[in-house]
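Note: the block below is structure01.tsv and it holds TSV, C-alpha atoms.
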```tsv
chain	number	residue	atom	x	y	z
E	1	MET	CA	0.00	0.00	0.00
E	2	ALA	CA	1.26	3.45	-0.87
E	3	ALA	CA	-0.07	6.96	-0.72
E	4	ASP	CA	-0.23	8.62	-4.11
E	5	THR	CA	-1.19	11.84	-5.84
E	6	GLY	CA	-3.90	12.26	-8.44
E	7	HIS	CA	-1.38	13.00	-11.18
E	8	GLY	CA	-2.04	10.86	-14.26
E	9	THR	CA	-5.80	10.56	-13.74
E	10	THR	CA	-7.89	10.57	-16.92
E	11	ILE	CA	-11.59	10.96	-17.60
E	12	ALA	CA	-13.66	9.37	-20.38
E	13	PHE	CA	-17.27	9.46	-21.56
E	14	THR	CA	-19.10	6.67	-23.39
E	15	GLY	CA	-22.66	5.95	-24.42
E	16	PHE	CA	-23.94	9.47	-24.87
E	17	THR	CA	-25.72	10.58	-28.04
E	18	GLU	CA	-22.34	10.53	-29.67
E	19	ALA	CA	-21.25	6.94	-29.07
E	20	ASN	CA	-17.69	7.64	-27.95
E	21	PRO	CA	-17.23	11.34	-27.47
E	22	SER	CA	-13.65	12.41	-27.23
E	23	LEU	CA	-13.51	14.90	-24.46
E	24	THR	CA	-10.50	16.89	-25.48
E	25	VAL	CA	-10.02	18.75	-22.23
E	26	THR	CA	-7.24	17.61	-19.96
E	27	PRO	CA	-8.42	17.89	-16.39
E	28	ASN	CA	-6.60	20.21	-14.10
E	29	THR	CA	-8.38	18.87	-11.02
E	30	ILE	CA	-11.10	16.30	-10.43
E	31	ALA	CA	-13.12	16.26	-7.24
E	32	LEU	CA	-14.91	12.95	-6.87
E	33	GLY	CA	-17.52	14.46	-4.58
E	34	GLU	CA	-19.25	12.70	-1.73
E	35	MET	CA	-21.91	10.10	-1.11
E	36	VAL	CA	-24.51	11.17	1.38
E	37	ARG	CA	-27.04	9.10	3.29
E	38	GLU	CA	-29.97	11.00	4.73
E	39	LYS	CA	-30.40	10.99	8.51
E	40	LEU	CA	-33.96	10.45	9.72
E	41	LYS	CA	-34.54	12.11	13.07
E	42	THR	CA	-36.28	9.87	15.56
E	43	SER	CA	-35.97	11.91	18.75
E	44	THR	CA	-39.12	12.92	20.58
E	45	LEU	CA	-40.02	15.22	23.45
E	46	ALA	CA	-38.97	12.40	25.73
E	47	THR	CA	-35.48	12.11	24.26
E	48	THR	CA	-32.68	13.40	26.44
E	49	LEU	CA	-29.24	14.88	25.70
E	50	PHE	CA	-28.80	14.13	21.98
E	51	HIS	CA	-31.15	13.83	19.05
E	52	THR	CA	-31.49	10.28	17.83
E	53	TYR	CA	-31.46	9.13	14.19
E	54	LEU	CA	-32.10	6.24	11.85
E	55	PRO	CA	-30.18	5.88	8.59
E	56	GLY	CA	-32.15	6.73	5.46
E	57	ASP	CA	-32.86	3.96	3.00
E	58	LEU	CA	-30.87	5.33	0.05
E	59	VAL	CA	-27.56	7.04	-0.62
E	60	GLU	CA	-27.25	10.19	-2.69
E	61	PRO	CA	-24.71	9.49	-5.46
E	62	PRO	CA	-21.81	11.91	-5.88
E	63	GLU	CA	-21.31	14.69	-8.37
E	64	ILE	CA	-17.91	14.87	-10.03
E	65	GLU	CA	-16.45	18.36	-10.35
E	66	VAL	CA	-13.77	18.88	-13.00
E	67	THR	CA	-11.65	21.95	-13.70
E	68	TYR	CA	-9.57	22.26	-16.84
E	69	PHE	CA	-7.39	24.84	-18.54
E	70	PHE	CA	-9.53	26.34	-21.26
E	71	ASP	CA	-8.07	25.94	-24.75
E	72	THR	CA	-9.65	28.18	-27.36
E	73	LEU	CA	-8.43	25.88	-30.15
E	74	GLU	CA	-10.74	23.08	-29.02
E	75	ASP	CA	-14.21	22.73	-30.53
E	76	GLU	CA	-15.49	19.68	-28.64
E	77	LEU	CA	-16.12	21.04	-25.19
E	78	PRO	CA	-18.83	20.28	-22.64
E	79	PHE	CA	-20.63	23.52	-23.39
E	80	SER	CA	-20.42	23.35	-27.18
E	81	SER	CA	-23.49	24.44	-29.09
E	82	ALA	CA	-26.58	22.23	-29.07
E	83	ALA	CA	-25.89	21.30	-32.70
E	84	ASP	CA	-22.50	19.88	-31.81
E	85	THR	CA	-22.41	16.12	-31.40
E	86	PHE	CA	-20.49	16.59	-28.17
E	87	ALA	CA	-22.85	19.07	-26.61
E	88	LEU	CA	-22.76	17.22	-23.30
E	89	ILE	CA	-24.59	19.84	-21.32
E	90	HIS	CA	-27.39	19.74	-23.93
E	91	ASP	CA	-27.46	15.93	-24.12
E	92	PRO	CA	-30.45	14.53	-22.17
E	93	VAL	CA	-29.31	10.93	-22.66
E	94	PRO	CA	-27.33	9.53	-19.73
E	95	GLY	CA	-24.02	7.90	-20.50
E	96	THR	CA	-21.11	6.44	-18.62
E	97	LEU	CA	-18.32	8.40	-17.01
E	98	THR	CA	-15.12	6.56	-16.18
E	99	ILE	CA	-12.40	8.10	-14.06
E	100	THR	CA	-9.15	6.16	-14.37
E	101	LEU	CA	-6.80	6.81	-11.48
E	102	PRO	CA	-3.02	6.38	-11.54
E	103	GLU	CA	-1.71	2.86	-11.01
E	104	GLN	CA	0.66	1.94	-8.24
E	105	ASP	CA	2.71	-0.49	-10.33
E	106	GLU	CA	1.98	0.56	-13.96
E	107	THR	CA	1.02	-2.97	-15.08
E	108	GLY	CA	-2.07	-1.98	-17.01
E	109	ASN	CA	-4.76	-2.63	-14.41
E	110	PRO	CA	-5.52	0.82	-13.07
E	111	PRO	CA	-8.15	1.65	-10.47
E	112	THR	CA	-11.36	3.14	-11.82
E	113	PHE	CA	-14.44	4.91	-10.56
E	114	ALA	CA	-17.31	4.66	-13.03
E	115	GLY	CA	-21.05	4.97	-13.38
E	116	THR	CA	-23.87	6.34	-15.46
E	117	GLY	CA	-25.14	9.88	-15.26
E	118	PHE	CA	-25.28	13.19	-17.04
E	119	LEU	CA	-23.73	16.64	-17.05
E	120	VAL	CA	-25.49	19.13	-14.82
E	121	GLN	CA	-23.22	22.14	-15.06
E	122	SER	CA	-20.68	23.57	-17.48
E	123	GLY	CA	-18.86	26.63	-16.17
E	124	LEU	CA	-17.22	29.06	-18.54
E	125	PRO	CA	-13.85	30.62	-17.75
E	126	GLU	CA	-13.18	33.94	-16.11
E	127	LEU	CA	-11.27	36.20	-18.45
E	128	ALA	CA	-8.72	38.33	-16.63
E	129	THR	CA	-5.25	39.75	-17.09
E	130	ASP	CA	-2.54	37.69	-15.41
E	131	THR	CA	-4.88	34.73	-14.95
E	132	LEU	CA	-5.02	31.48	-16.91
E	133	MET	CA	-8.49	30.67	-18.19
E	134	VAL	CA	-10.00	27.78	-16.24
E	135	ALA	CA	-13.37	26.21	-17.07
E	136	THR	CA	-15.38	23.66	-15.12
E	137	PHE	CA	-18.05	21.03	-15.50
E	138	ARG	CA	-20.00	18.91	-13.06
E	139	PHE	CA	-21.24	15.39	-13.77
E	140	ALA	CA	-23.98	13.82	-11.64
E	141	PHE	CA	-24.20	10.06	-11.29
E	142	ASP	CA	-27.81	9.00	-11.79
E	143	GLY	CA	-27.61	5.95	-9.52
E	144	GLU	CA	-28.78	3.56	-12.26
E	145	THR	CA	-25.38	1.90	-12.76
E	146	GLY	CA	-22.75	2.53	-10.16
E	147	PRO	CA	-20.86	4.54	-9.31
E	148	ALA	CA	-18.58	1.58	-8.75
E	149	TRP	CA	-15.04	1.49	-7.52
E	150	THR	CA	-12.51	-0.97	-8.98
E	151	ALA	CA	-9.29	-1.22	-7.03
E	152	ASP	CA	-5.83	-1.19	-8.54
E	153	ALA	CA	-4.94	-4.77	-9.47
E	154	ILE	CA	-1.35	-5.38	-8.53
E	155	ALA	CA	0.11	-7.93	-10.92
Z	1	MET	CA	14.83	31.04	-22.47
Z	2	ILE	CA	12.56	33.92	-21.63
Z	3	LEU	CA	15.33	36.28	-20.44
Z	4	ALA	CA	17.21	35.91	-23.71
Z	5	ASP	CA	13.95	36.51	-25.57
Z	6	LEU	CA	13.28	39.65	-23.53
Z	7	THR	CA	16.84	40.82	-24.25
Z	8	THR	CA	16.26	40.45	-27.99
Z	9	HIS	CA	12.91	42.19	-27.66
Z	10	LEU	CA	14.33	45.21	-25.82
Z	11	LEU	CA	17.28	45.56	-28.18
Z	12	SER	CA	14.92	45.66	-31.16
Z	13	PHE	CA	13.88	49.20	-30.24
Z	14	THR	CA	16.16	52.02	-31.34
Z	15	ASP	CA	14.94	54.43	-28.67
Z	16	ILE	CA	16.30	51.96	-26.12
Z	17	THR	CA	19.56	51.17	-27.93
Z	18	ASN	CA	20.14	54.89	-28.47
Z	19	LYS	CA	20.40	55.23	-24.67
Z	20	ILE	CA	22.11	52.00	-23.63
Z	21	GLY	CA	23.70	50.54	-26.74
Z	22	ASN	CA	23.45	46.77	-26.36
Z	23	ARG	CA	24.04	46.81	-22.57
Z	24	VAL	CA	21.33	44.39	-21.49
Z	25	TYR	CA	22.70	41.68	-19.20
Z	26	ILE	CA	21.30	38.64	-17.47
Z	27	ASN	CA	21.74	38.40	-13.68
Z	28	ARG	CA	24.85	40.60	-13.47
Z	29	ALA	CA	26.77	43.15	-15.51
Z	30	PRO	CA	30.41	42.75	-16.50
Z	31	ALA	CA	32.78	44.98	-14.52
Z	32	LYS	CA	33.58	48.52	-15.60
Z	33	LYS	CA	30.74	48.76	-18.09
Z	34	ALA	CA	29.36	52.13	-19.07
Z	35	THR	CA	25.99	53.10	-17.66
Z	36	PRO	CA	23.09	53.12	-17.89
Z	37	TYR	CA	22.54	49.44	-18.42
Z	38	ILE	CA	19.78	46.90	-17.81
Z	39	ILE	CA	20.00	43.77	-15.70
Z	40	LEU	CA	17.37	41.07	-16.23
Z	41	GLY	CA	16.65	38.26	-13.79
Z	42	THR	CA	14.02	35.72	-12.86
Z	43	VAL	CA	12.65	36.22	-9.36
Z	44	SER	CA	10.17	33.35	-9.23
Z	45	GLY	CA	7.45	31.78	-11.28
Z	46	ASP	CA	4.65	29.30	-11.47
Z	47	THR	CA	4.40	26.23	-13.70
Z	48	PRO	CA	0.77	25.16	-14.02
Z	49	TYR	CA	0.05	21.45	-14.36
Z	50	SER	CA	-2.88	19.46	-15.61
Z	51	LEU	CA	-3.33	15.89	-14.42
Z	52	GLN	CA	-1.23	14.84	-17.45
Z	53	GLY	CA	1.74	17.12	-16.81
Z	54	GLU	CA	2.87	20.56	-17.90
Z	55	ILE	CA	0.42	22.42	-20.11
Z	56	GLY	CA	2.91	24.31	-22.27
Z	57	VAL	CA	2.36	27.65	-20.58
Z	58	THR	CA	4.28	29.05	-17.66
Z	59	GLN	CA	4.25	32.24	-15.64
Z	60	SER	CA	7.57	33.88	-14.82
Z	61	LEU	CA	8.15	36.80	-12.49
Z	62	LEU	CA	10.92	38.74	-14.20
Z	63	GLN	CA	12.90	41.57	-12.64
Z	64	VAL	CA	14.22	44.41	-14.75
Z	65	THR	CA	16.70	46.78	-13.12
Z	66	VAL	CA	18.16	49.81	-14.83
Z	67	TRP	CA	21.41	51.01	-13.24
Z	68	GLU	CA	23.14	54.33	-13.70
Z	69	ARG	CA	26.25	55.76	-12.06
Z	70	ASP	CA	25.73	59.49	-11.64
Z	71	PRO	CA	26.28	62.05	-8.87
Z	72	ASN	CA	23.05	63.87	-9.63
Z	73	GLY	CA	20.42	61.17	-9.52
Z	74	PRO	CA	18.66	58.48	-11.49
Z	75	PHE	CA	17.59	60.64	-14.40
Z	76	LYS	CA	18.86	58.47	-17.24
Z	77	ALA	CA	17.84	55.32	-15.37
Z	78	ASN	CA	14.32	56.67	-15.05
Z	79	GLU	CA	14.21	57.46	-18.75
Z	80	VAL	CA	15.37	53.98	-19.71
Z	81	ALA	CA	13.03	52.32	-17.21
Z	82	GLU	CA	10.14	54.26	-18.68
Z	83	LEU	CA	11.12	53.10	-22.16
Z	84	VAL	CA	11.22	49.49	-20.95
Z	85	ARG	CA	7.79	49.82	-19.37
Z	86	ASP	CA	6.56	51.33	-22.63
Z	87	LYS	CA	7.80	48.30	-24.59
Z	88	VAL	CA	6.65	45.42	-22.38
Z	89	SER	CA	3.86	46.35	-19.95
Z	90	GLY	CA	0.63	44.92	-21.36
Z	91	TRP	CA	2.47	43.17	-24.19
Z	92	ARG	CA	0.85	40.30	-26.07
Z	93	GLY	CA	2.78	38.79	-28.94
Z	94	ASN	CA	6.22	37.37	-29.64
Z	95	TRP	CA	9.43	38.15	-27.81
Z	96	ASP	CA	11.87	36.78	-30.34
Z	97	GLN	CA	10.70	33.14	-30.80
Z	98	THR	CA	8.57	32.92	-27.67
Z	99	PHE	CA	4.89	33.82	-27.60
Z	100	VAL	CA	3.97	35.98	-24.62
Z	101	SER	CA	0.29	35.94	-23.68
Z	102	ASP	CA	0.48	38.56	-21.02
Z	103	CYS	CA	3.05	40.82	-19.38
Z	104	SER	CA	1.98	42.96	-16.47
Z	105	LEU	CA	3.90	45.27	-14.17
Z	106	GLN	CA	3.59	44.18	-10.56
Z	107	GLY	CA	3.16	47.20	-8.32
Z	108	GLU	CA	5.21	50.22	-9.32
Z	109	PRO	CA	8.83	50.83	-10.34
Z	110	PHE	CA	10.94	51.59	-7.29
Z	111	ASP	CA	14.30	53.25	-6.71
Z	112	LEU	CA	17.54	51.70	-5.51
Z	113	THR	CA	20.77	53.37	-4.49
Z	114	ASP	CA	24.25	52.06	-3.81
Z	115	PRO	CA	27.22	54.12	-2.59
Z	116	PRO	CA	30.10	54.80	-4.98
Z	117	ASP	CA	32.58	51.96	-5.32
Z	118	ASP	CA	35.46	54.42	-5.51
Z	119	LYS	CA	36.23	57.76	-3.87
Z	120	SER	CA	34.07	59.72	-6.30
Z	121	ASP	CA	30.61	61.08	-5.70
Z	122	ASP	CA	29.19	58.89	-8.44
Z	123	TRP	CA	26.41	57.06	-6.63
Z	124	TRP	CA	24.70	54.10	-8.19
Z	125	HIS	CA	21.05	54.72	-8.91
Z	126	GLY	CA	18.69	51.98	-9.94
Z	127	VAL	CA	15.08	51.67	-11.02
Z	128	GLN	CA	13.62	48.22	-10.52
Z	129	MET	CA	10.44	46.71	-11.93
Z	130	ASP	CA	8.88	43.26	-11.61
Z	131	PHE	CA	6.84	41.88	-14.49
Z	132	LYS	CA	4.63	38.82	-14.40
Z	133	VAL	CA	4.96	37.20	-17.81
Z	134	THR	CA	2.72	34.39	-19.06
Z	135	HIS	CA	4.44	32.65	-21.95
Z	136	ARG	CA	4.63	29.44	-23.94
Z	137	ARG	CA	7.15	26.76	-23.11
Z	138	SER	CA	7.68	23.32	-24.60
Z	139	ILE	CA	6.05	20.39	-22.84
Z	140	PRO	CA	8.63	17.86	-21.62
Z	141	ALA	CA	8.65	14.73	-23.79
Z	142	LEU	CA	9.53	12.51	-20.79
Z	143	SER	CA	11.28	10.04	-23.03
```

Target encoding structure tokens, full file:
Amino acid sequence: MAADTGHGTTIAFTGFTEANPSLTVTPNTIALGEMVREKLKTSTLATTLFHTYLPGDLVEPPEIEVTYFFDTLEDELPFSSAADTFALIHDPVPGTLTITLPEQDETGNPPTFAGTGFLVQSGLPELATDTLMVATFRFAFDGETGPAWTADAIA
Amino acid sequence: MILADLTTHLLSFTDITNKIGNRVYINRAPAKKATPYIILGTVSGDTPYSLQGEIGVTQSLLQVTVWERDPNGPFKANEVAELVRDKVSGWRGNWDQTFVSDCSLQGEPFDLTDPPDDKSDDWWHGVQMDFKVTHRRSIPALS
């Protein structure tokens, strides 16, 4: 077991309206988000000291937040026009997002985090002197398939 | 190298070379050189990374110092510093072979003084400016 950085992580989309869209952005950062289970309060007027809770039945799937350096040469971007085949933010059809994390031993069996969902936000860059243009998008897992974690397979 | 590119850029303007000849140096000036002259240096910088490595753009904090040896004050140094500011502050375009996206003066030019290095009254007067320069740089091949 070894601690590691996120350097080398890639992101891929499949199964959207365009069968295998080639997301041409190279992520700057990827935040994998959080899974949240609702807490159901069960305390009553007779409860003392602390509120009491039951776990909710279902878990809220995470939303992936990605930042990337904006490249004005690229035409296939998450916020491309609705007519573009890679207009992810306009695409109502869920597809699969696969995050491939760096391997510990580089043997070709990297860890992945994948599931179905859709884009819910595409942030455009701030334009300012002295500042590199950074854009964002947010992908929400829909809970239909995954998100599932596959561990690094050490050969 | 961005300092060599800036040197070429500055020496391409006759109003600068009329005042300093070709006396633009990197990090330090040779001894006994006539003044005024310009010293260029890199103070710090920032290399942005994506998750795949360098992105081919870097930000350098460059320091430009104009030195003059004169008993009366930094008058020529101020003139040359103003010419430098006029040629680079807000620049977007090539410096020699390097594309510069952005060059911005950080704060204001400020004065430096050093006592004479002989028994004369010729004090050293300097005007120093820091510029943040965003420019292209090759991405390492890693092979």

- Message: Show me, as a PyMOL selection string, the residues of chain E whose atoms get within 12 Å of chain Z, using all atoms listed in the file for the distance check.
- Response: chain E and resi 5-11+25-30+66-71+99-102+128-134

- Write out as a list in words each polymer residue whose atoms come within 6 Å of region 39-46 of chain Z, counting only C-alpha atoms; drop sequence neighbours fewer than 6 positions from it. Val24, Tyr25, Ile26, Asn27, Gln59, Ser60, Leu61, Leu62, Gln63, Val64 and Thr65 of chain Z

- Write out as a ChimeraX atom specification each polymer residue whose atoms come within 10 Å of Val127 (chain Z), counting only C-alpha atoms; drop sequence neighbours fewer than 2 positions from it. /Z:38,64-68,74-82,109-113,125,129

Around all the atoms of region 58-68 of chain Z listed in the file, with 3 Å of room on each side, what axis-aligned box do you get, giving centre and edge lengths in Å to one decimal, as AutoDock Vina command-line options?
```
--center_x 13.7 --center_y 41.7 --center_z -15.1 --size_x 24.9 --size_y 31.3 --size_z 11.2
```

- Identify the residues around (-22.0, 7.1, 3.9) within a radius of 10 Å, measuring from all atoms listed in the file in the coordinates stated by the file, and give them as a PyMOL selection string. chain E and resi 34-38+55+58-60

- Query: Do you have the CA of Gly107 (chain Z)-CA of Met1 (chain Z) distance handy?
  - Reply: 24.4 Å

- Query: Mind pulling up the distance from CA of Asp57 (chain E) to CA of Leu45 (chain E)?
  - Reply: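 It comes out at 24.4 Å.
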
- Message: Applying 8 Å and all atoms listed in the file, which residues near Val84 (chain Z) remain after dropping the ones on its own chain fewer than 4 positions away? List them as a list in words.
- Response: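 Near Val84 (chain Z), the qualifying residues are Leu10, Ile16, Val80 and Val88 of chain Z.
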
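The nearest approach to Ile89 (chain E) among the residues E:Ser122, E:Thr112, E:Thr107, E:Thr14, with only C-alpha atoms taken into account, belongs to E:Ser122.
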
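When all atoms listed in the file are used to measure the gap to Phe118 (chain E), the shortest distance among E:Tyr53, E:Phe139, E:Asp4, E:Leu40 belongs to E:Phe139.
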
- Find the residues near Gly117 (chain E): any atom within 6 Å, counting only C-alpha atoms, skip ones fewer than 2 places away on the same chain, and give them as an NGL selection string. :E and (94-95 or 140-142)

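The space between CA of His135 (chain Z) and CA of Phe13 (chain Z) spans 20.8 Å.
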
Which residues are close to Glu103 (chain E), i.e. within 9 Å by only C-alpha atoms, leaving aside same-chain residues fewer than 4 positions away? Reply as a short mmCIF file (atom, residue, chain, number, x, y, z; two decimals) with C-alpha atoms, keeping the file's coordinate frame.
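Everything below was put into selection.cif:
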```cif
data_model
loop_
_atom_site.label_atom_id
_atom_site.label_comp_id
_atom_site.auth_asym_id
_atom_site.auth_seq_id
_atom_site.Cartn_x
_atom_site.Cartn_y
_atom_site.Cartn_z
CA GLY E 8 -2.04 10.86 -14.26
CA THR E 107 1.02 -2.97 -15.08
CA GLY E 108 -2.07 -1.98 -17.01
CA ASN E 109 -4.76 -2.63 -14.41
CA PRO E 110 -5.52 0.82 -13.07
CA PRO E 111 -8.15 1.65 -10.47
CA ASP E 152 -5.83 -1.19 -8.54
CA ALA E 153 -4.94 -4.77 -9.47
CA ILE E 154 -1.35 -5.38 -8.53
#
```

- Message: Using all atoms listed in the file, list the residues that have an atom at most 8 Å from (26.3, 51.4, -11.2), coordinates as in the file, as a ChimeraX atom specification.
- Response: /Z:35-36,67-69,114,123-126

Could you please take those selected residues and save C-alpha atoms as a PDB file, in the frame of the given file?
```
ATOM      1  CA  THR Z  35      25.990  53.100 -17.660  1.00  0.00           C
ATOM      2  CA  PRO Z  36      23.090  53.120 -17.890  1.00  0.00           C
ATOM      3  CA  TRP Z  67      21.410  51.010 -13.240  1.00  0.00           C
ATOM      4  CA  GLU Z  68      23.140  54.330 -13.700  1.00  0.00           C
ATOM      5  CA  ARG Z  69      26.250  55.760 -12.060  1.00  0.00           C
ATOM      6  CA  ASP Z 114      24.250  52.060  -3.810  1.00  0.00           C
ATOM      7  CA  TRP Z 123      26.410  57.060  -6.630  1.00  0.00           C
ATOM      8  CA  TRP Z 124      24.700  54.100  -8.190  1.00  0.00           C
ATOM      9  CA  HIS Z 125      21.050  54.720  -8.910  1.00  0.00           C
ATOM     10  CA  GLY Z 126      18.690  51.980  -9.940  1.00  0.00           C
TER      11      GLY Z 126
END
```
